[in-house]
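A.B. asks: Before I ask anything, let me first share the structure, which is written out below as structure tokens.
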Amino acid sequence: MRVTGVRMDERHVLRMLELGIRAGGLVRVTQRSNFGGRVIAIGTGRIAIDAATAQSITVRPAEPNTHGEQS
Amino acid sequence: MSADIKPEESTNTAGCAACCGHGDGESKPAHTGDTGHDGHYGHSQHGGQPDGQHGGHDDMMSMPSPTARGRLERLFDAIRFGRTPSADADADCHHGSGGGHTLTGETARRVVFVGNPNVGKSTLFNALLGAGARVMNAPGTTVLVERGRLDMTGKPGISESSAGIWDIIDTPGTYSLLPQSPDERVAAQAATGIDGMPTPDALVAVLDATNLVRSLYFLAGVLELGRPVVVALSMNDLARRQGDDINPQTLSQALDGVPVIAIDPRTGEGTDTLMSTVAGSFDGTPLPHGLQLMHAGNDEELATMVREGADRRFDWAAGIIHRLGLDHAGRETVSDRIDRVLLNPWLGVPVFLAVMYLVFQATTTLAGPMQDWFDVTVRGWLTDGIDAVMSLFGPDATSGWVHGLIVDGLLDGVITVATFIPPMGIMFIMLSLLEDCGYLARAAFVMDRLMRALGLDGRAFLPIVVGFGCNLPGLAATRTLTDSRQRVMVGMLIPFASCSARLSVYLVLAYAFFRSTAGLVVFLMYVISIVLILAIGVLLRHTVFRDLKPEPFAMVLPPYQWPKAVALVRSVLIRLWGFLRGASSIIISVIIVLWLLASVPATAGAGSFGNVEDVHDSAYGVVADAVAPVFAPAGFDDWHASAALLTGFVAKEVVVGSMSQSYSISGTDDQSEQQQGQGALGSKLRESFDESSGGHGRAAAIAFLLFVLAYTPCLATVAELKRQYGSRVAAGSVALGLAVAYVLAVVAFQLLRLVM
């Protein structure tokens, strides 16, 4: 899926960017956890986020011609 | 475009003091070697770090005459390193600045290692320096930085002009040069040379091959600082397994010529090439197009630089990745499959609890027999040996005070310290295993929500759980917490976890006063312990630690890996050694002091020095009598009780034994606590407590139990607190413990005497 936005304080947006999460990036949810947390995949990296953070990241399905499409 | 970057000569002596923490008049303790922090983006540190020197060399620089402590440290250092480091410490300090001079008159270069957490940076650092790495505090903080000196003269591939002694610094792992925690700030300062830190002559950026987006973004920021940069590409074996391996040459080309060396921190492969490449880079490395040279003279300029260029740098990183053909959403990995089970919404917490239980059991059950071995067998051997030696000096020697001093003082101290080795060793092993294999990060994620209520990271759970077995390894386990402030807060909570040594005291008193409901009483003590931890946690959160802001939780999960046995054992041994050096001097000296007190006869006819018959008649008894009245409002102002509490300050394990001794009850060493409680000791206790409380013996007993629960666990924990967090925190913890214990005891007695 493609990230369309990160709705957080500016400081946290920067943090997300530094971890690889930014509008325009490709991500994939690999795991759901208790209390609403998520594990998302960015390339070969995995990032665990809590429910509140997960909700602040908006996504839409990625375009079909990106390779390595979601499972 | 290639920027010509020349190393600067910096003769900033304030920077000199700043970088190595010397010469500012204040002796700072070193902590466990831990350099992988990144604020709230919790990330376990990978690989072993040496638990280098304790505060000893700080003492040498800042005081004209070293304290006894400093001397002991230097003795240990001499044994450990085979030399006294005093001369080196001097040299170290003045090399801090980039243009200093060495003992041999050659120019020293300053090389700083930076990188994300968990990329093997510290492992690489230690592979380069071995035992020569020193851990020290960045000035004014509790953040650890490792440094070492490498003599590069004559090494392969090093030219004459860059040979000499290099000053190598490892920094805490960070995701950004815009710091959000004290740890990251130190990394940023070391990399940029602002705020008094000397400017680096070269930077080694350790990058994670399995996370190129993040790595390249980080690299962009580092490159824009304008210093020579060499890329050390790590985690290549993992990348290869995932089918994403990168050819260093290709990457270097994509970076317009920035040198890229593939390394394996665990085997040390590639390190020679890395160092010779660094040697060749002091005159400058290229700046890839798309990046701009930035000047950051202070914190604000750096912050602006990072913020304003963030998107541009990210675009640049994405561009490189696209050119290398590595952009894709990734495929499922083995780690993902494992996480499917371990992070399952329903299985996650139970699995975590099972792991916790295992760790807890290991540190108590496995450690138990080993501790007994030290306490009984080894003590027996050594006592016999000492007796044999002393009897050579004549028949009276073994009953004289010298014998007492050696056996009951010095030997007792040594054995006490030794009995801590099993639980600490097992704890370190389990912790390293969990960390290195990658599970610890998952554990933190699972427990995060619960710990958030206390304003803590999910990883605070493990140290507290371990603390219920023994506080000491629990305190040691706090090093996995990323935020320094959080570490201190958890460190202050752990002493309230009721450890197994306290249990021995609970049992004796429970069986003495509450025969049939003894089990219930003990269970209640544990419940109160948990309640205390939560309550004090909330209290601390709202007072001293108000600035621990809740942050969004986003944590990188490292792929699961097999821990490497050799690195694991090495790191455990080094950490153990660090703990021993810290705790032993305090414990041994205090035990000797206590022995002295008990050996000095206070009244006529009590006996001679070293041969006092009734403990009450010694100086120790005098002290106990003096302290006793304090406990009148709590109902146990009896000298036996205060004597027990005084001993308990040193270690809870000896409280029962010393209580027996104070009542002159002997021969009960083999009895269980239950038997003792129901026997002679129990009846004596009932007598004393009934008298001191005016008939409300049971209420006083509960008050006493609560005091034992809450006050300072033992001297070893104080030593560990001081070692990890400094004297101020250690003193604060002791004060907090005593205050809470006293309040609890008094309130409990005053309330319970109305009903019992």
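Residues in the structure tokens are numbered from 1 in each chain, the chains being A, B, ... in the order shown, and ligands are numbered from 1 in the order shown.
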Against segment 2-25 of chain A, which residues of segment 184-258 of chain B fall within 7 Å? For each one I want the closest pair of atoms and the distance in Å (one decimal), counting only C-alpha atoms, rows by chain and increasing residue number, as JSON lines.

C.D. replies:
```
{"residue": "B:Val213", "atom": "CA", "partner": "A:Gly20", "partner_atom": "CA", "distance": 6.1}
{"residue": "B:Arg214", "atom": "CA", "partner": "A:Gly20", "partner_atom": "CA", "distance": 5.4}
{"residue": "B:Tyr217", "atom": "CA", "partner": "A:Glu18", "partner_atom": "CA", "distance": 6.9}
```

A.B. asks: Report as a ChimeraX atom specification all protein, DNA and RNA residues lying within 6 Å of Ile40 of chain A, evaluated on only C-alpha atoms, omitting residues in the same chain fewer than 2 positions from it.

C.D. replies: /A:28-30,46-47

A.B. asks: For the selection just defined, write its residues with N, CA, C and O atoms to a file, as a PDB file, in the first residue's frame.

C.D. replies:
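After the write, out.pdb holds the following:
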```
ATOM      1  N   ARG A  28       3.541  -2.230   3.868  1.00  0.00           N
ATOM      2  CA  ARG A  28       2.688  -3.423   3.872  1.00  0.00           C
ATOM      3  C   ARG A  28       2.507  -3.821   5.319  1.00  0.00           C
ATOM      4  O   ARG A  28       3.465  -3.849   6.072  1.00  0.00           O
ATOM      5  N   VAL A  29       1.280  -4.131   5.696  1.00  0.00           N
ATOM      6  CA  VAL A  29       1.059  -4.574   7.073  1.00  0.00           C
ATOM      7  C   VAL A  29       1.322  -6.073   7.146  1.00  0.00           C
ATOM      8  O   VAL A  29       0.728  -6.849   6.405  1.00  0.00           O
ATOM      9  N   THR A  30       2.231  -6.474   8.028  1.00  0.00           N
ATOM     10  CA  THR A  30       2.516  -7.905   8.120  1.00  0.00           C
ATOM     11  C   THR A  30       1.872  -8.553   9.330  1.00  0.00           C
ATOM     12  O   THR A  30       1.743  -9.753   9.404  1.00  0.00           O
ATOM     13  N   ARG A  46      11.216  -3.981   9.302  1.00  0.00           N
ATOM     14  CA  ARG A  46       9.930  -4.127   9.967  1.00  0.00           C
ATOM     15  C   ARG A  46       9.824  -3.117  11.081  1.00  0.00           C
ATOM     16  O   ARG A  46      10.757  -2.970  11.874  1.00  0.00           O
ATOM     17  N   ILE A  47       8.689  -2.456  11.164  1.00  0.00           N
ATOM     18  CA  ILE A  47       8.511  -1.482  12.239  1.00  0.00           C
ATOM     19  C   ILE A  47       7.223  -1.786  12.991  1.00  0.00           C
ATOM     20  O   ILE A  47       6.172  -1.969  12.399  1.00  0.00           O
TER      21      ILE A  47
END
```

A.B. asks: Residues of chain A were defined as contacting chain B if any atom lay at most 7 Å from it, counting only C-alpha atoms; please report them as a count of residues only.

C.D. replies: 24

A.B. asks: Which distance in Å separates atom CA of Ser500 of chain B and atom CA of Gly469 of chain B, to one decimal?

C.D. replies: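 The value is 5.5 Å.
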
A.B. asks: Do a neighbour search on Phe704 of chain B at 9 Å with only C-alpha atoms, toss out local chain neighbours closer than 4 positions, and write the hits as an MDAnalysis selection string.

C.D. replies: chainID B and resid 634:636 641 699:700 708:709 745 749

A.B. asks: Residues of chain A in strand (DSSP E) according to DSSP, as a PyMOL selection string?

C.D. replies: chain A and resi 2-6+28-32+38-42+45-49+57-60

A.B. asks: Go ahead and write the residues just picked, C-alpha atoms, as a tab-separated table (two decimals), in the first residue's frame.

C.D. replies:
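The file below, result_31.tsv, is the result:
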```
chain	number	residue	atom	x	y	z
A	2	ARG	CA	1.09	3.51	-0.55
A	3	VAL	CA	1.21	6.00	2.29
A	4	THR	CA	-0.85	9.06	1.57
A	5	GLY	CA	-0.30	10.97	4.76
A	6	VAL	CA	1.06	11.01	8.25
A	28	ARG	CA	2.69	-3.42	3.87
A	29	VAL	CA	1.06	-4.57	7.07
A	30	THR	CA	2.52	-7.90	8.12
A	31	GLN	CA	1.03	-8.38	11.53
A	32	ARG	CA	-1.72	-7.24	13.75
A	38	ARG	CA	0.62	-3.15	13.85
A	39	VAL	CA	3.81	-4.34	12.31
A	40	ILE	CA	4.51	-2.76	8.96
A	41	ALA	CA	7.07	-3.72	6.39
A	42	ILE	CA	9.12	-1.18	4.50
A	45	GLY	CA	12.66	-3.60	7.44
A	46	ARG	CA	9.93	-4.13	9.97
A	47	ILE	CA	8.51	-1.48	12.24
A	48	ALA	CA	6.16	-2.09	15.14
A	49	ILE	CA	3.74	0.76	15.86
A	57	ILE	CA	-0.97	6.98	8.93
A	58	THR	CA	-3.32	7.05	6.00
A	59	VAL	CA	-2.83	4.69	3.09
A	60	ARG	CA	-4.36	3.64	-0.17
```

A.B. asks: Env of Leu576 of chain B: 8 Å cut, atoms = only C-alpha atoms, seq-sep filter 4 positions within chain, self excluded. Answer as a ChimeraX atom specification.

C.D. replies: /B:421,424-425,428,572,580

A.B. asks: Those residues you just picked out, can you put them in a file as a PDB file, in the first residue's frame with N, CA and C atoms?

C.D. replies:
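Result file again.pdb:
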```pdb
ATOM      1  N   ILE B 421      27.361 -13.763  42.023  1.00  0.00           N
ATOM      2  CA  ILE B 421      27.785 -14.092  40.663  1.00  0.00           C
ATOM      3  C   ILE B 421      26.790 -15.001  39.932  1.00  0.00           C
ATOM      4  N   MET B 424      23.559 -13.036  38.777  1.00  0.00           N
ATOM      5  CA  MET B 424      23.930 -12.008  37.811  1.00  0.00           C
ATOM      6  C   MET B 424      24.376 -12.633  36.502  1.00  0.00           C
ATOM      7  N   GLY B 425      25.194 -13.665  36.606  1.00  0.00           N
ATOM      8  CA  GLY B 425      25.698 -14.315  35.399  1.00  0.00           C
ATOM      9  C   GLY B 425      24.556 -14.893  34.564  1.00  0.00           C
ATOM     10  N   PHE B 428      22.568 -12.100  32.924  1.00  0.00           N
ATOM     11  CA  PHE B 428      23.247 -11.516  31.774  1.00  0.00           C
ATOM     12  C   PHE B 428      23.157 -12.442  30.573  1.00  0.00           C
ATOM     13  N   VAL B 572      29.014 -11.331  28.297  1.00  0.00           N
ATOM     14  CA  VAL B 572      28.547 -11.655  29.634  1.00  0.00           C
ATOM     15  C   VAL B 572      29.690 -11.555  30.635  1.00  0.00           C
ATOM     16  N   LEU B 580      31.290  -6.915  39.356  1.00  0.00           N
ATOM     17  CA  LEU B 580      32.123  -7.326  40.479  1.00  0.00           C
ATOM     18  C   LEU B 580      32.989  -6.182  40.970  1.00  0.00           C
TER      19      LEU B 580
END
```
